[in-house]
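**Student:** To start, I am sharing the structure in question, which I have written as structure tokens.
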Amino acid sequence: MTDRHWEHFPHDADVGVRGVGPTREAAFEEAARALTAAIVEPGAVVPRDAVEVACSAPDDEVLLVDWLNALVYEMATRGMLFGDFRVRIEGTTLNATALGEPVDAARHAPAVEVKGATFTELKVHRTEDGAWVAQCVVDV
């Protein structure tokens with residue numbers, strides 16, 4: 001079984017986010033965690049409030065950008081941070097639950113504000129060992 005994790009990769013002034021997992025859903029969840037980690041330590045976010053997110057796109061790559069941008073929108077409009085995610089993908093439709101809490105500037109100490117996910121370095125693919133990778137650059 002492939003280990004799941006998130007990571008950042010270097011990209012000029014912006015931040016590359018990458019999710020890796022044994023399934024496409026797990027890779028999208030880890031990419032979302034990497035998005036959060038660009039702002040705060042994901043473990044510092046208490047998963048007490050659930051927000052439902054849904055999006056559709058013509059392919060996996062655009063679906064990843066739409067998913068991450070939906071999270072950026074929800075964070076901005078609700079004043080929340082998300083640290084845990086439950087993603088379900090059927091075809092090119094994603095339904096997810098993002099779990100988090102309102103931003104507490106003193107406790108969370110947000111490092112940056114993510115403006116949005118971009119098509120730069122955008123890839124969603126399966127590796128030779130069967131792992132799924134979902135990545136793109138986010139504008140900070």
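Going through the structure tokens in order, the chains are called A, B, and so on, while each chain numbers its residues from 1 and the ligands are numbered from 1 in the order shown.
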Can you list, as a VMD selection string, all residues belonging to stretch 77-109 of chain A that DSSP tags as helix (DSSP H, G or I)?

**Tutor:** chain A and resid 77 to 78 105 to 108

**Student:** Please provide as an mmCIF file with C-alpha atoms, in the first residue's frame all residues within 8 Å of stretch 80-96 of chain A, with the sequence filter that same-chain residues fewer than 6 positions apart are discarded (counting only C-alpha atoms).

**Tutor:**
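Saved the output as around.cif:
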```
data_model
loop_
_atom_site.group_PDB
_atom_site.id
_atom_site.type_symbol
_atom_site.label_atom_id
_atom_site.label_comp_id
_atom_site.auth_asym_id
_atom_site.auth_seq_id
_atom_site.Cartn_x
_atom_site.Cartn_y
_atom_site.Cartn_z
ATOM 1 C CA ARG A 24 -7.197 9.680 -6.285
ATOM 2 C CA GLU A 25 -9.395 10.767 -3.359
ATOM 3 C CA ALA A 26 -6.513 10.412 -0.884
ATOM 4 C CA PHE A 28 -6.860 15.231 -3.340
ATOM 5 C CA GLU A 29 -7.237 15.143 0.464
ATOM 6 C CA ALA A 32 -5.881 20.110 0.446
ATOM 7 C CA ARG A 33 -3.817 19.462 3.577
ATOM 8 C CA THR A 36 -3.691 24.399 4.630
ATOM 9 C CA PRO A 42 -2.670 21.492 9.732
ATOM 10 C CA GLY A 43 -2.492 19.699 13.087
ATOM 11 C CA ALA A 44 -3.283 22.989 14.837
ATOM 12 C CA VAL A 45 -6.711 23.114 13.202
ATOM 13 C CA VAL A 46 -9.428 21.477 15.287
ATOM 14 C CA PRO A 47 -11.842 19.575 12.988
ATOM 15 C CA GLU A 52 -19.750 20.431 2.383
ATOM 16 C CA VAL A 53 -17.986 21.189 -0.907
ATOM 17 C CA ALA A 54 -18.968 20.002 -4.383
ATOM 18 C CA CYS A 55 -17.499 20.673 -7.804
ATOM 19 C CA SER A 56 -17.343 19.162 -11.278
ATOM 20 C CA ALA A 57 -14.816 19.591 -14.058
ATOM 21 C CA PRO A 58 -13.975 18.070 -17.446
ATOM 22 C CA ASP A 59 -10.883 16.230 -16.147
ATOM 23 C CA ASP A 60 -8.892 15.403 -13.012
ATOM 24 C CA LEU A 63 -11.086 19.179 -10.815
ATOM 25 C CA TRP A 67 -11.432 21.718 -5.430
ATOM 26 C CA GLU A 74 -14.853 28.666 1.867
ATOM 27 C CA PRO A 102 -12.847 29.583 12.710
ATOM 28 C CA VAL A 103 -9.472 31.297 12.368
#
```

**Student:** So that each row is one residue of stretch 6-120 of chain A with an atom at most 8 Å from stretch 125-137 of chain A, can you give its shortest atom pair and the distance in Å to one decimal, using only C-alpha atoms, rows by chain and rising number, as a Markdown table?

**Tutor:**
```
| residue | atom | partner | partner_atom | distance |
| --- | --- | --- | --- | --- |
| A:His11 | CA | A:Val137 | CA | 7.4 |
| A:Asp14 | CA | A:Val137 | CA | 6.7 |
| A:Val15 | CA | A:Val137 | CA | 5.5 |
| A:Gly16 | CA | A:Val137 | CA | 4.1 |
| A:Val17 | CA | A:Gln135 | CA | 5.5 |
| A:Arg18 | CA | A:Gln135 | CA | 4.2 |
| A:Gly19 | CA | A:Ala134 | CA | 5.1 |
| A:Val20 | CA | A:Val133 | CA | 4.6 |
| A:Gly21 | CA | A:Trp132 | CA | 5.3 |
| A:Pro22 | CA | A:Ala131 | CA | 4.9 |
| A:Thr23 | CA | A:Trp132 | CA | 5.8 |
| A:Arg24 | CA | A:Trp132 | CA | 5.5 |
| A:Ala26 | CA | A:Trp132 | CA | 7.9 |
| A:Ala27 | CA | A:Ala134 | CA | 5.6 |
| A:Phe28 | CA | A:Ala134 | CA | 6.1 |
| A:Ala31 | CA | A:Ala134 | CA | 6.4 |
| A:Glu61 | CA | A:Ala134 | CA | 7.9 |
| A:Leu64 | CA | A:Ala134 | CA | 7.2 |
| A:Val65 | CA | A:Cys136 | CA | 7.6 |
| A:Ala117 | CA | A:Val137 | CA | 6.1 |
| A:Thr118 | CA | A:Val137 | CA | 5.6 |
| A:Phe119 | CA | A:Cys136 | CA | 6.4 |
| A:Thr120 | CA | A:Val137 | CA | 5.5 |
```

**Student:** Output C-alpha atoms for every residue in that selection, as a PDB file, in the first residue's frame.

**Tutor:**
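What landed in part.pdb:
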```pdb
ATOM      1  CA  HIS A  11       8.176  27.625  -7.125  1.00  0.00           C
ATOM      2  CA  ASP A  14       4.380  31.060  -4.837  1.00  0.00           C
ATOM      3  CA  VAL A  15       3.980  27.635  -3.227  1.00  0.00           C
ATOM      4  CA  GLY A  16       3.668  24.269  -4.903  1.00  0.00           C
ATOM      5  CA  VAL A  17       1.270  21.894  -3.159  1.00  0.00           C
ATOM      6  CA  ARG A  18       1.350  18.158  -3.732  1.00  0.00           C
ATOM      7  CA  GLY A  19      -0.775  15.362  -2.361  1.00  0.00           C
ATOM      8  CA  VAL A  20       0.185  11.701  -2.643  1.00  0.00           C
ATOM      9  CA  GLY A  21      -2.000   8.749  -1.755  1.00  0.00           C
ATOM     10  CA  PRO A  22      -3.100   5.238  -2.667  1.00  0.00           C
ATOM     11  CA  THR A  23      -6.279   6.596  -4.305  1.00  0.00           C
ATOM     12  CA  ARG A  24      -7.197   9.680  -6.285  1.00  0.00           C
ATOM     13  CA  ALA A  26      -6.513  10.412  -0.884  1.00  0.00           C
ATOM     14  CA  ALA A  27      -4.223  12.455  -3.147  1.00  0.00           C
ATOM     15  CA  PHE A  28      -6.860  15.231  -3.340  1.00  0.00           C
ATOM     16  CA  ALA A  31      -3.261  18.290  -1.638  1.00  0.00           C
ATOM     17  CA  GLU A  61      -6.497  18.341 -13.354  1.00  0.00           C
ATOM     18  CA  LEU A  64      -8.046  19.582  -8.517  1.00  0.00           C
ATOM     19  CA  VAL A  65      -7.848  23.339  -9.216  1.00  0.00           C
ATOM     20  CA  ALA A 117      -4.872  27.514  -7.037  1.00  0.00           C
ATOM     21  CA  THR A 118      -3.360  27.895 -10.510  1.00  0.00           C
ATOM     22  CA  PHE A 119      -2.752  25.749 -13.580  1.00  0.00           C
ATOM     23  CA  THR A 120       1.015  26.077 -13.082  1.00  0.00           C
TER      24      THR A 120
END
```

**Student:** Please indicate the distance in Å from atom CA of A:Thr77 to atom CA of A:Val138, rounded to one decimal place.

**Tutor:**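 Going from atom CA of A:Thr77 over to atom CA of A:Val138 covers 18.1 Å.
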
**Student:** May I ask for the distance between atom CA of A:Val62 and atom CA of A:Asp49, given in Å to one decimal place?

**Tutor:**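 The value is 26.9 Å.
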
**Student:** Can you list every residue in chain A that DSSP puts in strand (DSSP E or B), as an mmCIF file with N, CA and C atoms, in the first residue's frame?

**Tutor:**
```cif
data_model
loop_
_atom_site.group_PDB
_atom_site.id
_atom_site.type_symbol
_atom_site.label_atom_id
_atom_site.label_comp_id
_atom_site.auth_asym_id
_atom_site.auth_seq_id
_atom_site.Cartn_x
_atom_site.Cartn_y
_atom_site.Cartn_z
ATOM 1 N N HIS A 5 0.720 11.285 1.925
ATOM 2 C CA HIS A 5 1.346 12.440 2.560
ATOM 3 C C HIS A 5 1.143 13.664 1.684
ATOM 4 N N TRP A 6 1.451 14.816 2.265
ATOM 5 C CA TRP A 6 1.446 16.055 1.513
ATOM 6 C C TRP A 6 2.842 16.629 1.585
ATOM 7 N N GLU A 7 3.151 17.528 0.646
ATOM 8 C CA GLU A 7 4.439 18.219 0.659
ATOM 9 C C GLU A 7 4.325 19.492 -0.154
ATOM 10 N N HIS A 8 5.279 20.379 0.055
ATOM 11 C CA HIS A 8 5.406 21.584 -0.753
ATOM 12 C C HIS A 8 6.573 21.374 -1.696
ATOM 13 N N PHE A 9 6.536 22.032 -2.837
ATOM 14 C CA PHE A 9 7.694 22.008 -3.730
ATOM 15 C C PHE A 9 7.981 23.442 -4.133
ATOM 16 N N PRO A 10 9.252 23.755 -4.395
ATOM 17 C CA PRO A 10 9.629 25.146 -4.653
ATOM 18 C C PRO A 10 9.061 25.675 -5.965
ATOM 19 N N HIS A 11 8.634 26.952 -5.916
ATOM 20 C CA HIS A 11 8.176 27.625 -7.125
ATOM 21 C C HIS A 11 8.215 29.130 -6.902
ATOM 22 N N ASP A 14 5.592 31.776 -5.216
ATOM 23 C CA ASP A 14 4.380 31.060 -4.837
ATOM 24 C C ASP A 14 4.740 29.733 -4.182
ATOM 25 N N VAL A 15 3.746 28.905 -3.919
ATOM 26 C CA VAL A 15 3.980 27.635 -3.227
ATOM 27 C C VAL A 15 3.382 26.495 -4.041
ATOM 28 N N GLY A 16 4.175 25.476 -4.270
ATOM 29 C CA GLY A 16 3.668 24.269 -4.903
ATOM 30 C C GLY A 16 3.087 23.359 -3.842
ATOM 31 N N VAL A 17 1.892 22.838 -4.088
ATOM 32 C CA VAL A 17 1.270 21.894 -3.159
ATOM 33 C C VAL A 17 1.116 20.558 -3.867
ATOM 34 N N ARG A 18 1.423 19.491 -3.148
ATOM 35 C CA ARG A 18 1.350 18.158 -3.732
ATOM 36 C C ARG A 18 0.750 17.202 -2.722
ATOM 37 N N GLY A 19 -0.199 16.418 -3.175
ATOM 38 C CA GLY A 19 -0.775 15.362 -2.361
ATOM 39 C C GLY A 19 -0.479 14.025 -2.998
ATOM 40 N N VAL A 20 -0.126 13.045 -2.168
ATOM 41 C CA VAL A 20 0.185 11.701 -2.643
ATOM 42 C C VAL A 20 -0.632 10.722 -1.819
ATOM 43 N N GLY A 21 -1.217 9.736 -2.478
ATOM 44 C CA GLY A 21 -2.000 8.749 -1.755
ATOM 45 C C GLY A 21 -2.270 7.514 -2.585
ATOM 46 N N ASP A 49 -16.028 21.803 12.894
ATOM 47 C CA ASP A 49 -17.144 22.222 12.046
ATOM 48 C C ASP A 49 -16.979 21.629 10.649
ATOM 49 N N ALA A 50 -18.063 21.085 10.102
ATOM 50 C CA ALA A 50 -18.033 20.466 8.772
ATOM 51 C C ALA A 50 -18.644 21.398 7.738
ATOM 52 N N VAL A 51 -17.977 21.485 6.599
ATOM 53 C CA VAL A 51 -18.483 22.264 5.465
ATOM 54 C C VAL A 51 -18.494 21.335 4.247
ATOM 55 N N GLU A 52 -19.631 21.261 3.584
ATOM 56 C CA GLU A 52 -19.750 20.431 2.383
ATOM 57 C C GLU A 52 -19.286 21.218 1.165
ATOM 58 N N VAL A 53 -18.514 20.566 0.307
ATOM 59 C CA VAL A 53 -17.986 21.189 -0.907
ATOM 60 C C VAL A 53 -18.262 20.248 -2.069
ATOM 61 N N ALA A 54 -18.717 20.797 -3.182
ATOM 62 C CA ALA A 54 -18.968 20.002 -4.383
ATOM 63 C C ALA A 54 -18.480 20.769 -5.602
ATOM 64 N N CYS A 55 -17.896 20.063 -6.546
ATOM 65 C CA CYS A 55 -17.499 20.673 -7.804
ATOM 66 C C CYS A 55 -17.384 19.599 -8.888
ATOM 67 N N SER A 56 -17.484 20.034 -10.112
ATOM 68 C CA SER A 56 -17.343 19.162 -11.278
ATOM 69 C C SER A 56 -16.428 19.848 -12.265
ATOM 70 N N MET A 80 -12.588 30.572 8.108
ATOM 71 C CA MET A 80 -12.224 29.277 8.689
ATOM 72 C C MET A 80 -10.910 28.755 8.131
ATOM 73 N N LEU A 81 -10.372 27.777 8.842
ATOM 74 C CA LEU A 81 -9.265 26.959 8.363
ATOM 75 C C LEU A 81 -9.735 25.512 8.404
ATOM 76 N N PHE A 82 -9.242 24.703 7.476
ATOM 77 C CA PHE A 82 -9.608 23.288 7.434
ATOM 78 C C PHE A 82 -8.364 22.436 7.611
ATOM 79 N N GLY A 83 -8.494 21.391 8.420
ATOM 80 C CA GLY A 83 -7.349 20.516 8.666
ATOM 81 C C GLY A 83 -7.587 19.064 8.318
ATOM 82 N N ASP A 84 -8.858 18.700 8.050
ATOM 83 C CA ASP A 84 -9.176 17.320 7.711
ATOM 84 C C ASP A 84 -10.189 17.324 6.577
ATOM 85 N N PHE A 85 -10.096 16.317 5.715
ATOM 86 C CA PHE A 85 -10.910 16.296 4.511
ATOM 87 C C PHE A 85 -11.381 14.882 4.221
ATOM 88 N N ARG A 86 -12.599 14.770 3.726
ATOM 89 C CA ARG A 86 -13.161 13.494 3.276
ATOM 90 C C ARG A 86 -13.656 13.710 1.853
ATOM 91 N N VAL A 87 -12.941 13.168 0.893
ATOM 92 C CA VAL A 87 -13.243 13.398 -0.518
ATOM 93 C C VAL A 87 -13.826 12.135 -1.149
ATOM 94 N N ARG A 88 -14.876 12.334 -1.955
ATOM 95 C CA ARG A 88 -15.464 11.272 -2.761
ATOM 96 C C ARG A 88 -15.498 11.783 -4.204
ATOM 97 N N ILE A 89 -14.959 10.994 -5.121
ATOM 98 C CA ILE A 89 -14.949 11.388 -6.529
ATOM 99 C C ILE A 89 -15.623 10.290 -7.342
ATOM 100 N N GLU A 90 -16.595 10.699 -8.146
ATOM 101 C CA GLU A 90 -17.236 9.806 -9.099
ATOM 102 C C GLU A 90 -17.115 10.451 -10.463
ATOM 103 N N THR A 93 -16.834 14.382 -10.862
ATOM 104 C CA THR A 93 -17.572 15.126 -9.849
ATOM 105 C C THR A 93 -17.005 14.804 -8.473
ATOM 106 N N LEU A 94 -16.701 15.845 -7.735
ATOM 107 C CA LEU A 94 -16.136 15.709 -6.392
ATOM 108 C C LEU A 94 -17.150 16.210 -5.371
ATOM 109 N N ASN A 95 -17.372 15.406 -4.352
ATOM 110 C CA ASN A 95 -18.162 15.807 -3.188
ATOM 111 C C ASN A 95 -17.272 15.568 -1.979
ATOM 112 N N ALA A 96 -17.195 16.549 -1.104
ATOM 113 C CA ALA A 96 -16.277 16.429 0.017
ATOM 114 C C ALA A 96 -16.823 17.103 1.255
ATOM 115 N N THR A 97 -16.264 16.696 2.367
ATOM 116 C CA THR A 97 -16.496 17.364 3.639
ATOM 117 C C THR A 97 -15.150 17.894 4.100
ATOM 118 N N ALA A 98 -15.097 19.195 4.360
ATOM 119 C CA ALA A 98 -13.898 19.829 4.920
ATOM 120 C C ALA A 98 -14.202 20.111 6.387
ATOM 121 N N LEU A 99 -13.308 19.695 7.264
ATOM 122 C CA LEU A 99 -13.504 19.861 8.696
ATOM 123 C C LEU A 99 -12.499 20.851 9.243
ATOM 124 N N GLY A 100 -13.005 21.797 10.023
ATOM 125 C CA GLY A 100 -12.105 22.805 10.551
ATOM 126 C C GLY A 100 -12.758 23.655 11.610
ATOM 127 N N GLU A 101 -12.241 24.866 11.745
ATOM 128 C CA GLU A 101 -12.710 25.782 12.783
ATOM 129 C C GLU A 101 -12.461 27.223 12.346
ATOM 130 N N PRO A 102 -13.111 28.177 13.010
ATOM 131 C CA PRO A 102 -12.847 29.583 12.710
ATOM 132 C C PRO A 102 -11.374 29.931 12.984
ATOM 133 N N GLY A 116 -5.350 31.670 -4.473
ATOM 134 C CA GLY A 116 -6.012 30.686 -5.323
ATOM 135 C C GLY A 116 -5.058 29.673 -5.901
ATOM 136 N N ALA A 117 -5.630 28.558 -6.349
ATOM 137 C CA ALA A 117 -4.872 27.514 -7.037
ATOM 138 C C ALA A 117 -4.744 27.905 -8.505
ATOM 139 N N LYS A 123 -0.739 18.749 -12.282
ATOM 140 C CA LYS A 123 -0.681 17.343 -12.693
ATOM 141 C C LYS A 123 -1.506 16.508 -11.729
ATOM 142 N N VAL A 124 -2.278 15.586 -12.280
ATOM 143 C CA VAL A 124 -2.910 14.534 -11.498
ATOM 144 C C VAL A 124 -2.628 13.261 -12.267
ATOM 145 N N HIS A 125 -1.882 12.364 -11.649
ATOM 146 C CA HIS A 125 -1.507 11.142 -12.360
ATOM 147 C C HIS A 125 -1.186 10.010 -11.390
ATOM 148 N N ARG A 126 -1.073 8.841 -11.953
ATOM 149 C CA ARG A 126 -0.694 7.659 -11.189
ATOM 150 C C ARG A 126 0.759 7.325 -11.509
ATOM 151 N N TRP A 132 -1.173 7.755 -6.385
ATOM 152 C CA TRP A 132 -1.763 8.896 -7.065
ATOM 153 C C TRP A 132 -1.073 10.167 -6.580
ATOM 154 N N VAL A 133 -0.799 11.087 -7.508
ATOM 155 C CA VAL A 133 -0.180 12.369 -7.193
ATOM 156 C C VAL A 133 -1.090 13.465 -7.750
ATOM 157 N N ALA A 134 -1.385 14.456 -6.902
ATOM 158 C CA ALA A 134 -2.201 15.603 -7.303
ATOM 159 C C ALA A 134 -1.445 16.859 -6.890
ATOM 160 N N GLN A 135 -1.069 17.696 -7.846
ATOM 161 C CA GLN A 135 -0.268 18.873 -7.506
ATOM 162 C C GLN A 135 -0.579 20.066 -8.384
ATOM 163 N N CYS A 136 -0.293 21.248 -7.829
ATOM 164 C CA CYS A 136 -0.338 22.506 -8.578
ATOM 165 C C CYS A 136 0.350 23.566 -7.722
ATOM 166 N N VAL A 137 0.454 24.757 -8.281
ATOM 167 C CA VAL A 137 1.015 25.896 -7.562
ATOM 168 C C VAL A 137 -0.141 26.768 -7.084
ATOM 169 N N VAL A 138 -0.030 27.229 -5.838
ATOM 170 C CA VAL A 138 -1.018 28.161 -5.326
ATOM 171 C C VAL A 138 -0.401 29.543 -5.210
ATOM 172 N N ASP A 139 -1.185 30.537 -5.544
ATOM 173 C CA ASP A 139 -0.771 31.936 -5.504
ATOM 174 C C ASP A 139 -0.927 32.439 -4.071
#
```

**Student:** A:Val112, A:Ala105, A:Ala34, A:Leu122: which is nearest A:Val140, counting only C-alpha atoms?

**Tutor:** A:Val112
